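Trainee: Contents of work_37.cif (mmCIF, C-alpha atoms):
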data_data
loop_
_atom_site.label_atom_id
_atom_site.label_comp_id
_atom_site.auth_asym_id
_atom_site.auth_seq_id
_atom_site.Cartn_x
_atom_site.Cartn_y
_atom_site.Cartn_z
CA MET A 1 0.00 0.00 0.00
CA LYS A 2 2.80 2.39 0.94
CA LYS A 3 4.62 1.57 -2.30
CA ALA A 4 1.46 2.25 -4.27
CA ASN A 5 1.04 5.62 -2.54
CA LYS A 6 4.68 6.50 -3.23
CA LEU A 7 4.26 5.63 -6.90
CA GLN A 8 1.09 7.75 -7.08
CA ARG A 9 2.87 10.72 -5.49
CA PHE A 10 5.82 10.27 -7.84
CA TRP A 11 3.49 10.10 -10.87
CA LYS A 12 1.81 13.34 -9.73
CA VAL A 13 5.19 15.09 -9.46
CA LEU A 14 5.97 14.14 -13.06
CA GLY A 15 4.71 16.61 -15.63
CA PRO A 16 6.51 19.21 -17.78
CA GLY A 17 9.92 17.55 -17.35
CA LEU A 18 8.67 14.12 -18.42
CA ILE A 19 6.79 15.55 -21.42
CA THR A 20 9.78 17.66 -22.45
CA GLY A 21 12.10 14.65 -22.22
CA ALA A 22 9.74 12.45 -24.21
CA SER A 23 9.28 15.11 -26.90
CA ASP A 24 13.06 15.27 -27.31
CA ASP A 25 12.89 11.78 -28.85
CA ASP A 26 10.63 12.89 -31.69
CA PRO A 27 10.54 11.11 -35.09
CA SER A 28 13.33 13.33 -36.44
CA GLY A 29 15.43 12.47 -33.37
CA ILE A 30 14.69 8.78 -33.84
CA ALA A 31 15.91 9.13 -37.45
CA THR A 32 19.18 10.66 -36.22
CA TYR A 33 19.74 7.94 -33.61
CA SER A 34 18.88 5.27 -36.19
CA GLN A 35 21.44 6.75 -38.59
CA ALA A 36 24.06 6.62 -35.82
CA GLY A 37 23.34 2.98 -34.96
CA ALA A 38 23.14 1.77 -38.55
CA ALA A 39 26.29 3.60 -39.66
CA TYR A 40 28.54 2.98 -36.64
CA GLY A 41 27.04 0.14 -34.64
CA LEU A 42 27.43 0.60 -30.89
CA SER A 43 30.13 3.31 -31.22
CA THR A 44 27.82 6.18 -30.20
CA LEU A 45 26.07 4.52 -27.24
CA TRP A 46 28.21 6.52 -24.80
CA THR A 47 26.72 9.81 -26.02
CA SER A 48 23.52 9.15 -24.05
CA ILE A 49 25.57 9.04 -20.82
CA VAL A 50 27.35 12.31 -21.65
CA ALA A 51 24.22 14.12 -22.86
CA PHE A 52 22.02 13.37 -19.81
CA PRO A 53 23.60 15.68 -17.19
CA LEU A 54 23.96 18.50 -19.74
CA MET A 55 20.31 18.20 -20.82
CA ALA A 56 19.08 18.00 -17.24
CA ALA A 57 21.11 21.02 -16.10
CA ILE A 58 19.88 23.31 -18.90
CA GLN A 59 16.26 22.19 -18.63
CA GLN A 60 16.32 22.70 -14.85
CA MET A 61 17.56 26.27 -15.37
CA CYS A 62 14.76 26.94 -17.88
CA ALA A 63 12.14 25.43 -15.55
CA LYS A 64 13.43 27.51 -12.62
CA ILE A 65 13.31 30.71 -14.71
CA GLY A 66 9.64 29.96 -15.44
CA LEU A 67 8.81 29.17 -11.80
CA VAL A 68 10.61 32.17 -10.29
CA THR A 69 9.73 34.86 -12.85
CA SER A 70 6.24 33.56 -13.73
CA GLN A 71 7.03 34.12 -17.39
CA GLY A 72 8.51 32.09 -20.20
CA LEU A 73 12.05 32.33 -21.50
CA THR A 74 10.93 34.78 -24.19
CA GLY A 75 9.43 37.02 -21.51
CA ALA A 76 12.71 36.92 -19.55
CA LEU A 77 14.66 37.80 -22.71
CA LYS A 78 12.25 40.63 -23.47
CA THR A 79 12.51 42.04 -19.94
CA HIS A 80 16.26 41.80 -19.39
CA TYR A 81 17.91 41.92 -22.82
CA HIS A 82 18.03 44.15 -25.86
CA LYS A 83 15.21 43.55 -28.36
CA SER A 84 17.73 42.62 -31.05
CA VAL A 85 18.61 39.45 -29.10
CA LEU A 86 14.94 38.50 -28.88
CA TYR A 87 14.27 39.12 -32.58
CA LEU A 88 17.41 37.21 -33.56
CA MET A 89 16.20 34.18 -31.57
CA LEU A 90 12.79 34.50 -33.24
CA LEU A 91 14.39 34.74 -36.69
CA PHE A 92 16.34 31.51 -36.22
CA SER A 93 13.83 29.60 -34.09
CA PHE A 94 10.73 29.99 -36.27
CA PRO A 95 12.03 28.32 -39.46
CA ALA A 96 13.91 25.65 -37.48
CA ILE A 97 10.83 24.62 -35.50
CA ILE A 98 8.59 24.68 -38.61
CA MET A 99 11.01 22.37 -40.45
CA ASN A 100 11.20 20.13 -37.39
CA ILE A 101 7.39 19.89 -37.34
CA GLY A 102 7.39 19.14 -41.08
CA ALA A 103 9.97 16.36 -40.69
CA ASP A 104 8.00 14.82 -37.81
CA ILE A 105 4.67 14.94 -39.66
CA ALA A 106 6.29 13.35 -42.72
CA GLY A 107 7.85 10.62 -40.55
CA MET A 108 4.53 9.81 -38.87
CA GLY A 109 2.76 9.73 -42.25
CA ALA A 110 5.36 7.42 -43.78
CA VAL A 111 5.23 5.03 -40.81
CA GLY A 112 1.43 5.05 -40.94
CA ASN A 113 1.73 3.99 -44.58
CA LEU A 114 4.11 1.17 -43.57
CA LEU A 115 1.54 -0.17 -41.11
CA PHE A 116 -1.35 0.24 -43.58
CA PRO A 117 0.20 0.10 -47.09
CA SER A 118 -3.16 0.56 -48.84
CA ILE A 119 -3.48 4.08 -47.38
CA ASP A 120 -1.22 6.79 -48.81
CA ALA A 121 1.35 8.42 -46.48
CA SER A 122 0.03 11.91 -47.31
CA PHE A 123 -3.40 10.90 -45.94
CA PHE A 124 -1.81 9.94 -42.61
CA SER A 125 0.18 13.21 -42.53
CA VAL A 126 -3.00 15.26 -43.02
CA PHE A 127 -4.92 13.09 -40.55
CA PHE A 128 -2.31 13.44 -37.76
CA THR A 129 -2.02 17.20 -38.38
CA LEU A 130 -5.76 17.79 -38.11
CA LEU A 131 -6.07 15.42 -35.13
CA LEU A 132 -3.38 17.27 -33.20
CA LEU A 133 -4.79 20.67 -34.15
CA GLY A 134 -8.23 19.68 -32.89
CA LEU A 135 -6.90 18.25 -29.62
CA ILE A 136 -4.69 21.28 -28.91
CA ILE A 137 -7.50 23.78 -29.56
CA TYR A 138 -10.38 21.98 -27.86
CA LEU A 139 -8.73 20.30 -24.88
CA PRO A 140 -7.85 22.39 -21.80
CA TYR A 141 -4.23 22.35 -20.61
CA VAL A 142 -4.94 19.87 -17.79
CA LYS A 143 -6.24 17.29 -20.27
CA ILE A 144 -3.52 17.99 -22.85
CA ALA A 145 -0.87 17.48 -20.14
CA ALA A 146 -2.55 14.25 -19.00
CA VAL A 147 -2.79 12.91 -22.57
CA LEU A 148 0.86 13.75 -23.29
CA LYS A 149 1.92 12.24 -19.97
CA TYR A 150 0.20 8.91 -20.66
CA LEU A 151 1.44 8.90 -24.26
CA CYS A 152 4.96 8.76 -22.80
CA ILE A 153 4.18 5.17 -21.80
CA VAL A 154 4.12 4.28 -25.52
CA MET A 155 7.84 5.04 -25.63
CA LEU A 156 8.53 2.09 -23.34
CA VAL A 157 8.32 -0.03 -26.50
CA TYR A 158 11.88 1.04 -27.32
CA PHE A 159 13.07 -0.60 -24.09
CA ILE A 160 11.71 -3.92 -25.37
CA VAL A 161 12.77 -3.95 -29.04
CA PRO A 162 16.53 -4.63 -28.57
CA PHE A 163 15.83 -7.74 -26.49
CA LEU A 164 13.83 -9.33 -29.29
CA TYR A 165 17.21 -9.90 -30.93
CA HIS A 166 20.34 -11.66 -29.64
CA GLN A 167 22.70 -9.22 -27.88
CA ASP A 168 26.39 -9.25 -26.91
CA PHE A 169 26.19 -7.68 -23.44
CA VAL A 170 29.97 -7.38 -22.98
CA ALA A 171 30.27 -5.36 -26.21
CA ILE A 172 27.31 -3.22 -25.14
CA ALA A 173 28.89 -2.46 -21.74
CA LYS A 174 32.19 -1.45 -23.36
CA ALA A 175 30.49 0.82 -25.89
CA THR A 176 28.40 2.40 -23.13
CA PHE A 177 31.19 3.32 -20.73
CA ILE A 178 34.25 3.64 -23.00
CA PRO A 179 33.80 6.53 -25.47
CA THR A 180 34.74 5.88 -29.08
CA LEU A 181 36.03 8.77 -31.21
CA LYS A 182 36.86 8.51 -34.89
CA MET A 183 38.64 11.26 -36.81
CA ASP A 184 36.21 10.81 -39.64
CA LYS A 185 34.05 13.58 -41.13
CA ASN A 186 30.88 11.46 -41.18
CA PHE A 187 31.37 10.20 -37.62
CA ILE A 188 31.83 13.75 -36.34
CA ALA A 189 28.71 14.78 -38.27
CA ILE A 190 26.75 12.02 -36.51
CA LEU A 191 28.02 13.15 -33.09
CA VAL A 192 27.06 16.75 -33.86
CA GLY A 193 23.65 15.57 -35.09
CA ILE A 194 23.04 13.61 -31.88
CA LEU A 195 23.93 16.62 -29.72
CA GLY A 196 21.84 18.96 -31.87
CA THR A 197 18.72 16.81 -31.70
CA THR A 198 19.23 16.09 -27.98
CA ILE A 199 19.87 19.62 -26.68
CA SER A 200 17.34 21.48 -28.84
CA PRO A 201 16.51 25.18 -28.29
CA TYR A 202 12.73 24.73 -28.66
CA LEU A 203 12.81 22.62 -25.47
CA PHE A 204 14.27 25.58 -23.53
CA PHE A 205 11.29 27.80 -24.43
CA TRP A 206 8.71 25.06 -23.86
CA GLN A 207 10.08 24.06 -20.45
CA ALA A 208 9.97 27.59 -19.01
CA SER A 209 6.52 28.40 -20.42
CA VAL A 210 4.87 25.15 -19.43
CA GLU A 211 6.17 25.49 -15.85
CA VAL A 212 4.25 28.79 -15.72
CA GLU A 213 1.15 26.92 -16.99
CA GLU A 214 1.59 24.34 -14.23
CA MET A 215 1.87 27.06 -11.58
CA LYS A 216 -1.30 28.73 -12.85
CA ASN A 217 -3.11 25.43 -12.95
CA LYS A 218 -2.11 24.63 -9.35
CA LYS A 219 -2.82 28.22 -8.24
CA ARG A 220 0.70 28.62 -6.83
CA HIS A 221 1.36 32.15 -8.06
CA LEU A 222 4.56 33.62 -6.69
CA ILE A 223 4.79 31.01 -3.93
CA VAL A 224 8.02 29.38 -5.02
CA ASN A 225 9.85 27.44 -2.31
CA LYS A 226 12.46 24.71 -2.02
CA LYS A 227 9.80 21.96 -2.17
CA ILE A 228 8.50 23.22 -5.53
CA ILE A 229 12.05 23.55 -6.88
CA GLN A 230 12.88 20.05 -5.62
CA ASP A 231 9.77 18.58 -7.28
CA MET A 232 10.71 20.36 -10.51
CA LYS A 233 14.25 18.93 -10.40
CA GLN A 234 12.89 15.42 -9.80
CA ASP A 235 10.50 15.82 -12.72
CA VAL A 236 13.18 17.19 -15.08
CA ASP A 237 15.78 14.60 -14.05
CA PHE A 238 13.33 11.76 -14.63
CA GLY A 239 12.20 13.23 -17.96
CA MET A 240 15.74 13.73 -19.24
CA SER A 241 16.88 10.28 -18.06
CA PHE A 242 13.82 8.76 -19.74
CA SER A 243 14.76 10.61 -22.94
CA GLY A 244 18.36 9.39 -22.64
CA PHE A 245 17.27 5.77 -22.18
CA VAL A 246 15.02 5.92 -25.25
CA MET A 247 17.90 7.38 -27.28
CA TYR A 248 20.20 4.67 -25.92
CA PHE A 249 17.86 1.81 -26.83
CA ILE A 250 17.19 3.13 -30.34
CA ILE A 251 20.94 3.29 -31.03
CA LEU A 252 21.27 -0.18 -29.46
CA THR A 253 18.49 -1.59 -31.66
CA THR A 254 19.77 -0.19 -34.95
CA GLY A 255 23.41 -0.67 -33.93
CA THR A 256 22.96 -4.39 -33.40
CA VAL A 257 20.20 -5.39 -35.83
CA LEU A 258 20.84 -3.12 -38.83
CA TYR A 259 24.61 -2.57 -38.52
CA LYS A 260 25.34 -6.29 -38.18
CA ALA A 261 23.16 -7.00 -41.22
CA GLY A 262 25.21 -4.61 -43.32
CA ILE A 263 22.50 -1.92 -43.51
CA HIS A 264 24.54 1.23 -42.86
CA GLN A 265 22.55 3.94 -44.66
CA ILE A 266 19.33 5.02 -42.93
CA ASP A 267 17.89 8.45 -43.77
CA THR A 268 14.37 8.27 -42.35
CA VAL A 269 12.42 6.58 -39.57
CA GLU A 270 10.35 4.54 -41.99
CA GLN A 271 13.54 3.11 -43.51
CA ALA A 272 14.68 2.09 -40.02
CA ALA A 273 11.31 0.48 -39.23
CA ALA A 274 11.11 -1.30 -42.60
CA ALA A 275 14.69 -2.59 -42.30
CA LEU A 276 13.93 -4.13 -38.90
CA LYS A 277 11.04 -6.23 -40.21
CA PRO A 278 12.96 -9.03 -41.96
CA LEU A 279 15.83 -8.95 -39.47
CA ALA A 280 14.23 -8.73 -36.02
CA GLY A 281 10.72 -9.94 -36.79
CA ASN A 282 7.26 -8.44 -37.20
CA PHE A 283 6.81 -7.71 -33.51
CA ALA A 284 9.98 -5.58 -33.27
CA TYR A 285 9.05 -3.75 -36.46
CA LEU A 286 5.51 -3.10 -35.22
CA LEU A 287 6.69 -1.79 -31.83
CA PHE A 288 9.29 0.48 -33.45
CA ALA A 289 6.68 1.91 -35.84
CA ILE A 290 4.06 2.48 -33.10
CA GLY A 291 6.75 4.23 -31.04
CA VAL A 292 7.43 6.67 -33.91
CA ILE A 293 3.76 7.68 -34.10
CA GLY A 294 3.53 7.95 -30.30
CA THR A 295 6.60 10.20 -30.07
CA GLY A 296 5.25 12.38 -32.88
CA LEU A 297 1.97 12.85 -31.01
CA ILE A 298 3.98 14.03 -27.99
CA ALA A 299 6.56 16.15 -29.81
CA ILE A 300 4.46 18.09 -32.31
CA PRO A 301 2.26 19.80 -29.64
CA VAL A 302 5.49 20.73 -27.82
CA LEU A 303 7.08 22.10 -31.02
CA SER A 304 4.01 24.08 -32.09
CA GLY A 305 3.36 25.19 -28.51
CA SER A 306 6.92 26.44 -28.08
CA ILE A 307 6.83 28.55 -31.26
CA SER A 308 3.46 30.00 -30.20
CA TYR A 309 4.80 30.89 -26.75
CA ILE A 310 7.83 32.55 -28.37
CA ILE A 311 5.76 34.68 -30.77
CA THR A 312 2.93 35.63 -28.41
CA GLU A 313 5.30 36.54 -25.58
CA THR A 314 7.41 38.58 -28.00
CA PHE A 315 4.43 40.71 -29.08
CA GLY A 316 2.59 40.69 -25.76
CA TRP A 317 -0.45 38.76 -26.98
CA GLU A 318 -2.66 36.58 -24.79
CA GLN A 319 -1.27 33.09 -24.52
CA GLY A 320 -1.59 29.77 -22.76
CA LEU A 321 -2.84 26.25 -23.31
CA ASP A 322 -5.03 26.78 -20.23
CA LYS A 323 -7.03 29.42 -22.13
CA LYS A 324 -9.92 28.71 -24.49
CA PHE A 325 -9.65 29.63 -28.17
CA HIS A 326 -11.67 32.86 -27.86
CA GLU A 327 -9.48 33.95 -24.92
CA ALA A 328 -6.16 33.56 -26.76
CA LYS A 329 -6.97 33.53 -30.48
CA ALA A 330 -3.49 34.63 -31.60
CA PHE A 331 -1.86 31.86 -29.55
CA TYR A 332 -3.94 29.12 -31.16
CA ILE A 333 -3.76 30.68 -34.64
CA VAL A 334 0.07 30.57 -34.44
CA ILE A 335 -0.15 26.88 -33.46
CA ALA A 336 -2.47 26.21 -36.41
CA ILE A 337 -0.23 28.09 -38.84
CA SER A 338 2.89 26.26 -37.60
CA LEU A 339 1.21 22.86 -38.07
CA LEU A 340 -0.09 23.72 -41.54
CA LEU A 341 3.26 25.19 -42.60
CA GLY A 342 5.00 22.05 -41.35
CA LEU A 343 2.55 19.90 -43.30
CA SER A 344 3.02 22.03 -46.44
CA LEU A 345 6.78 21.35 -46.53
CA ASN A 346 5.94 17.88 -47.82
CA TYR A 347 4.21 19.42 -50.83
CA ILE A 348 6.66 22.16 -51.86
CA GLY A 349 9.71 20.02 -52.53
CA ILE A 350 11.54 20.16 -49.18
CA SER A 351 12.29 16.55 -48.26
CA PRO A 352 12.23 15.46 -44.58
CA VAL A 353 15.97 14.69 -44.79
CA LYS A 354 16.77 18.22 -46.03
CA ALA A 355 14.45 19.68 -43.40
CA LEU A 356 16.43 17.81 -40.72
CA ILE A 357 19.72 19.19 -42.05
CA TYR A 358 18.44 22.78 -42.13
CA THR A 359 16.91 22.37 -38.68
CA ALA A 360 20.20 21.07 -37.26
CA ILE A 361 22.10 24.06 -38.71
CA LEU A 362 19.65 26.61 -37.27
CA TYR A 363 19.55 24.85 -33.88
CA GLY A 364 23.35 24.68 -33.93
CA LEU A 365 23.53 28.45 -34.39
CA THR A 366 20.96 29.33 -31.72
CA ALA A 367 21.69 26.75 -28.98
CA PRO A 368 25.05 28.19 -27.78
CA VAL A 369 23.68 31.76 -27.67
CA LEU A 370 20.57 30.65 -25.77
CA ILE A 371 22.56 28.55 -23.31
CA ALA A 372 24.81 31.56 -22.58
CA ILE A 373 21.74 33.75 -21.97
CA ILE A 374 20.08 31.08 -19.78
CA LEU A 375 23.28 30.86 -17.70
CA HIS A 376 23.35 34.64 -17.35
CA ILE A 377 19.70 34.86 -16.25
CA SER A 378 20.09 31.90 -13.88
CA ASN A 379 22.98 33.60 -12.08
CA ASN A 380 21.35 37.03 -11.91
CA LYS A 381 20.17 37.65 -8.33
CA ALA A 382 18.04 40.58 -9.45
CA VAL A 383 15.98 38.13 -11.51
CA MET A 384 16.27 34.84 -9.60
CA GLY A 385 16.58 36.04 -6.01
CA ASN A 386 17.64 33.13 -3.78
CA PHE A 387 17.24 30.60 -6.58
CA THR A 388 20.38 31.31 -8.59
CA ASN A 389 22.45 28.41 -9.94
CA SER A 390 24.47 26.09 -7.75
CA ARG A 391 28.15 25.52 -8.57
CA LEU A 392 27.34 22.11 -10.09
CA SER A 393 24.61 23.61 -12.31
CA ASN A 394 27.07 26.22 -13.57
CA ILE A 395 29.77 23.62 -14.28
CA LEU A 396 27.33 21.49 -16.27
CA GLY A 397 25.84 24.57 -17.95
CA PHE A 398 29.23 25.87 -19.09
CA ALA A 399 30.18 22.37 -20.24
CA ALA A 400 27.00 22.33 -22.36
CA LEU A 401 27.86 25.80 -23.69
CA ILE A 402 31.37 24.75 -24.74
CA ILE A 403 30.24 21.45 -26.27
CA MET A 404 27.34 23.03 -28.18
CA THR A 405 29.58 25.85 -29.42
CA VAL A 406 32.13 23.34 -30.72
CA ALA A 407 29.28 21.28 -32.20
CA GLY A 408 27.81 24.34 -33.91
CA VAL A 409 31.16 25.33 -35.43
CA ALA A 410 31.79 21.73 -36.52
CA LEU A 411 28.32 21.52 -38.08
CA LEU A 412 28.87 24.70 -40.11
CA TYR A 413 32.29 23.50 -41.20
CA LEU A 414 30.97 20.08 -42.24
CA GLN A 415 28.10 21.61 -44.19
CA PHE A 416 30.00 24.33 -46.02
CA ALA A 417 33.55 22.94 -46.31
CA THR A 418 34.50 22.14 -49.86
#
Show this structure as structure tokens.
Mentor:
Amino acid sequence: MKKANKLQRFWKVLGPGLITGASDDDPSGIATYSQAGAAYGLSTLWTSIVAFPLMAAIQQMCAKIGLVTSQGLTGALKTHYHKSVLYLMLLFSFPAIIMNIGADIAGMGAVGNLLFPSIDASFFSVFFTLLLLGLIIYLPYVKIAAVLKYLCIVMLVYFIVPFLYHQDFVAIAKATFIPTLKMDKNFIAILVGILGTTISPYLFFWQASVEVEEMKNKKRHLIVNKKIIQDMKQDVDFGMSFSGFVMYFIILTTGTVLYKAGIHQIDTVEQAAAALKPLAGNFAYLLFAIGVIGTGLIAIPVLSGSISYIITETFGWEQGLDKKFHEAKAFYIVIAISLLLGLSLNYIGISPVKALIYTAILYGLTAPVLIAIILHISNNKAVMGNFTNSRLSNILGFAALIIMTVAGVALLYLQFAT
């Protein structure tokens, strides 16, 4: 009975952090992890261990900014920084998030077509877009959060898939705890891609804004204390570790099944799912495909919600998933436009693979700048009061800043070098 009560309390604590972590493993992220596993086997497993503390540290800072200031990251930028910084973030973030949405919608549509070959992929893409739009507009925040939270359970399928295939556990342990580095352009590109899709700027904006939503929902305005901060950290840590495990198991699946079968070129999630079918069996293929659709249903509301928070906070418009459509028309119209623009990318000649590349470049440019600003805000006593960063948070934050800066420079070099 006590264990059941503890689990119930723990489940109640989980919220924005879990959803943010789950959305990080969206279909475009799954494509990147699948590419890594297929191309290099188990060589990139260690990245999930390295990425976790960096992800958790940055997301905790963003969550704390939302809790303490009662405004999203955009609001904090608007209040404490020159407008040029805010508009620059908007300029880079908007196209990146739209292309990310487009890549995710295309991935979900293609996987839907794999499961039901008689129905065209474009039908599934339109169906999922309209379904998500309807749910976001008509469901109140409490229900949206609950739906997203329970959808996270779908991602547990990725914990099962690798064990439907024979595994060499000694090789897995070595690859997990002993980093492999190859002075190879393509390997470096994969590492940069993993970092870019793992520590994504849209998550920073979403985390801060949705913490404000949670506070409003729980009627805890301006009553921030150590207990609330501790609950937030527990939520974020669990969400980011959950995200890291999903990433780990996707690389493990493709790194053992596809790599060993000589399938080293995977560009999309549907290719990864289809390649698994003859090698690991129908059940593994089915679970992998269902997981892609589940992660898309989690990630796309987060992506569209983050861009809407950014734009509405920038221009001072009414906002919030807790508001009805007539109370925050601009907020929901931006969400609708972002979904429809993302869907339209599939019809104007921008392939999902190209969209992923462009997204990675734009994220690579914005992530280091945003991390530097988040660190500055988080250490500003005038803004954060008694809730400024600890020494450990700053060490991890600056490590993330250095790594993402190097990754951004490497990404630009790899894309534009002759």
Trainee: Name the residues that the PyMOL selection byres ((chain A and resi 319) around 12) pulls out of this structure, and write them as a PDB file with C-alpha atoms, in the coordinates of the input.
Mentor:
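Printed below is result.pdb as written:
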ATOM      1  CA  GLN A  71       7.030  34.120 -17.390  1.00  0.00           C
ATOM      2  CA  GLY A  72       8.510  32.090 -20.200  1.00  0.00           C
ATOM      3  CA  GLY A  75       9.430  37.020 -21.510  1.00  0.00           C
ATOM      4  CA  TYR A 141      -4.230  22.350 -20.610  1.00  0.00           C
ATOM      5  CA  SER A 209       6.520  28.400 -20.420  1.00  0.00           C
ATOM      6  CA  VAL A 210       4.870  25.150 -19.430  1.00  0.00           C
ATOM      7  CA  VAL A 212       4.250  28.790 -15.720  1.00  0.00           C
ATOM      8  CA  GLU A 213       1.150  26.920 -16.990  1.00  0.00           C
ATOM      9  CA  GLY A 305       3.360  25.190 -28.510  1.00  0.00           C
ATOM     10  CA  SER A 306       6.920  26.440 -28.080  1.00  0.00           C
ATOM     11  CA  ILE A 307       6.830  28.550 -31.260  1.00  0.00           C
ATOM     12  CA  SER A 308       3.460  30.000 -30.200  1.00  0.00           C
ATOM     13  CA  TYR A 309       4.800  30.890 -26.750  1.00  0.00           C
ATOM     14  CA  ILE A 310       7.830  32.550 -28.370  1.00  0.00           C
ATOM     15  CA  ILE A 311       5.760  34.680 -30.770  1.00  0.00           C
ATOM     16  CA  THR A 312       2.930  35.630 -28.410  1.00  0.00           C
ATOM     17  CA  GLU A 313       5.300  36.540 -25.580  1.00  0.00           C
ATOM     18  CA  THR A 314       7.410  38.580 -28.000  1.00  0.00           C
ATOM     19  CA  PHE A 315       4.430  40.710 -29.080  1.00  0.00           C
ATOM     20  CA  GLY A 316       2.590  40.690 -25.760  1.00  0.00           C
ATOM     21  CA  TRP A 317      -0.450  38.760 -26.980  1.00  0.00           C
ATOM     22  CA  GLU A 318      -2.660  36.580 -24.790  1.00  0.00           C
ATOM     23  CA  GLY A 320      -1.590  29.770 -22.760  1.00  0.00           C
ATOM     24  CA  LEU A 321      -2.840  26.250 -23.310  1.00  0.00           C
ATOM     25  CA  ASP A 322      -5.030  26.780 -20.230  1.00  0.00           C
ATOM     26  CA  LYS A 323      -7.030  29.420 -22.130  1.00  0.00           C
ATOM     27  CA  LYS A 324      -9.920  28.710 -24.490  1.00  0.00           C
ATOM     28  CA  PHE A 325      -9.650  29.630 -28.170  1.00  0.00           C
ATOM     29  CA  HIS A 326     -11.670  32.860 -27.860  1.00  0.00           C
ATOM     30  CA  GLU A 327      -9.480  33.950 -24.920  1.00  0.00           C
ATOM     31  CA  ALA A 328      -6.160  33.560 -26.760  1.00  0.00           C
ATOM     32  CA  LYS A 329      -6.970  33.530 -30.480  1.00  0.00           C
ATOM     33  CA  ALA A 330      -3.490  34.630 -31.600  1.00  0.00           C
ATOM     34  CA  PHE A 331      -1.860  31.860 -29.550  1.00  0.00           C
ATOM     35  CA  TYR A 332      -3.940  29.120 -31.160  1.00  0.00           C
ATOM     36  CA  ILE A 333      -3.760  30.680 -34.640  1.00  0.00           C
ATOM     37  CA  VAL A 334       0.070  30.570 -34.440  1.00  0.00           C
ATOM     38  CA  ILE A 335      -0.150  26.880 -33.460  1.00  0.00           C
TER      39      ILE A 335
END
Trainee: List the residues matched by the PyMOL selection byres ((chain A and resi 104) around 7) in the displayed structure as a ChimeraX atom specification, ordered by chain and then by residue number.
Mentor: /A:26-28,100-103,105-108,296
Trainee: Please write as a list in words the list of polymer residues whose atoms come within 7 Å of (13.4, 23.4, -11.3), counting only C-alpha atoms and keeping to the coordinates of the file.
Mentor: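 Residues with an atom at most 7 Å from (13.4, 23.4, -11.3): Gln60, Met61, Ala63, Lys64, Ile229, Gln230, Met232 and Lys233 of chain A.
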Trainee: Evaluate the PyMOL selection byres ((chain A and resi 40) around 10) and record the selected residues as a list in words, following the chain and residue labels used in the document.
Mentor: Ser34, Gln35, Ala36, Gly37, Ala38, Ala39, Gly41, Leu42, Ser43, Thr44, Leu45, Asn186, Phe187, Ile190, Ile251, Thr254, Gly255, Thr256, Tyr259, Lys260 and His264 of chain A
Trainee: Go ahead and write the residues just picked, C-alpha atoms, as an mmCIF file, in the frame of the given file.
Mentor:
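And here's out.cif as it stands now:
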data_model
loop_
_atom_site.group_PDB
_atom_site.id
_atom_site.type_symbol
_atom_site.label_atom_id
_atom_site.label_comp_id
_atom_site.auth_asym_id
_atom_site.auth_seq_id
_atom_site.Cartn_x
_atom_site.Cartn_y
_atom_site.Cartn_z
ATOM 1 C CA SER A 34 18.880 5.270 -36.190
ATOM 2 C CA GLN A 35 21.440 6.750 -38.590
ATOM 3 C CA ALA A 36 24.060 6.620 -35.820
ATOM 4 C CA GLY A 37 23.340 2.980 -34.960
ATOM 5 C CA ALA A 38 23.140 1.770 -38.550
ATOM 6 C CA ALA A 39 26.290 3.600 -39.660
ATOM 7 C CA GLY A 41 27.040 0.140 -34.640
ATOM 8 C CA LEU A 42 27.430 0.600 -30.890
ATOM 9 C CA SER A 43 30.130 3.310 -31.220
ATOM 10 C CA THR A 44 27.820 6.180 -30.200
ATOM 11 C CA LEU A 45 26.070 4.520 -27.240
ATOM 12 C CA ASN A 186 30.880 11.460 -41.180
ATOM 13 C CA PHE A 187 31.370 10.200 -37.620
ATOM 14 C CA ILE A 190 26.750 12.020 -36.510
ATOM 15 C CA ILE A 251 20.940 3.290 -31.030
ATOM 16 C CA THR A 254 19.770 -0.190 -34.950
ATOM 17 C CA GLY A 255 23.410 -0.670 -33.930
ATOM 18 C CA THR A 256 22.960 -4.390 -33.400
ATOM 19 C CA TYR A 259 24.610 -2.570 -38.520
ATOM 20 C CA LYS A 260 25.340 -6.290 -38.180
ATOM 21 C CA HIS A 264 24.540 1.230 -42.860
#
Trainee: Near Leu73 in chain A, within 9 Å and counting only C-alpha atoms, which residues show up once chain neighbours fewer than 2 positions away are dropped, as a ChimeraX atom specification?
Mentor: /A:62,65-66,71,75-78,204-209,310,313,374
Trainee: Rounded to one decimal in Å, what is the spacing between CA of Tyr87 in chain A and CA of Ile19 in chain A?
Mentor: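 These two atoms are separated by 27.1 Å.
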Trainee: Enter the distance from CA of Thr176 in chain A to CA of Met240 in chain A, in Å, rounded to one decimal.
Mentor: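 A separation of 17.4 Å between them.
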Trainee: For a quick check of understanding, using only C-alpha atoms, which of A:Leu54, A:Ile250, A:Val154, A:Ile49 has the smallest distance to Gly397 in chain A?
Mentor: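 So, comparing all the options, the nearest one is A:Leu54.
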Trainee: Residues within 9 Å of (10.4, 17.9, -26.8), file coordinates, counting only C-alpha atoms: what are they? Give the list as a list in words.
Mentor: Ile19, Thr20, Gly21, Ala22, Ser23, Asp24, Asp25, Asp26, Ser200, Tyr202, Leu203, Trp206, Gln207, Ile298, Ala299, Ile300, Pro301, Val302 and Leu303 of chain A
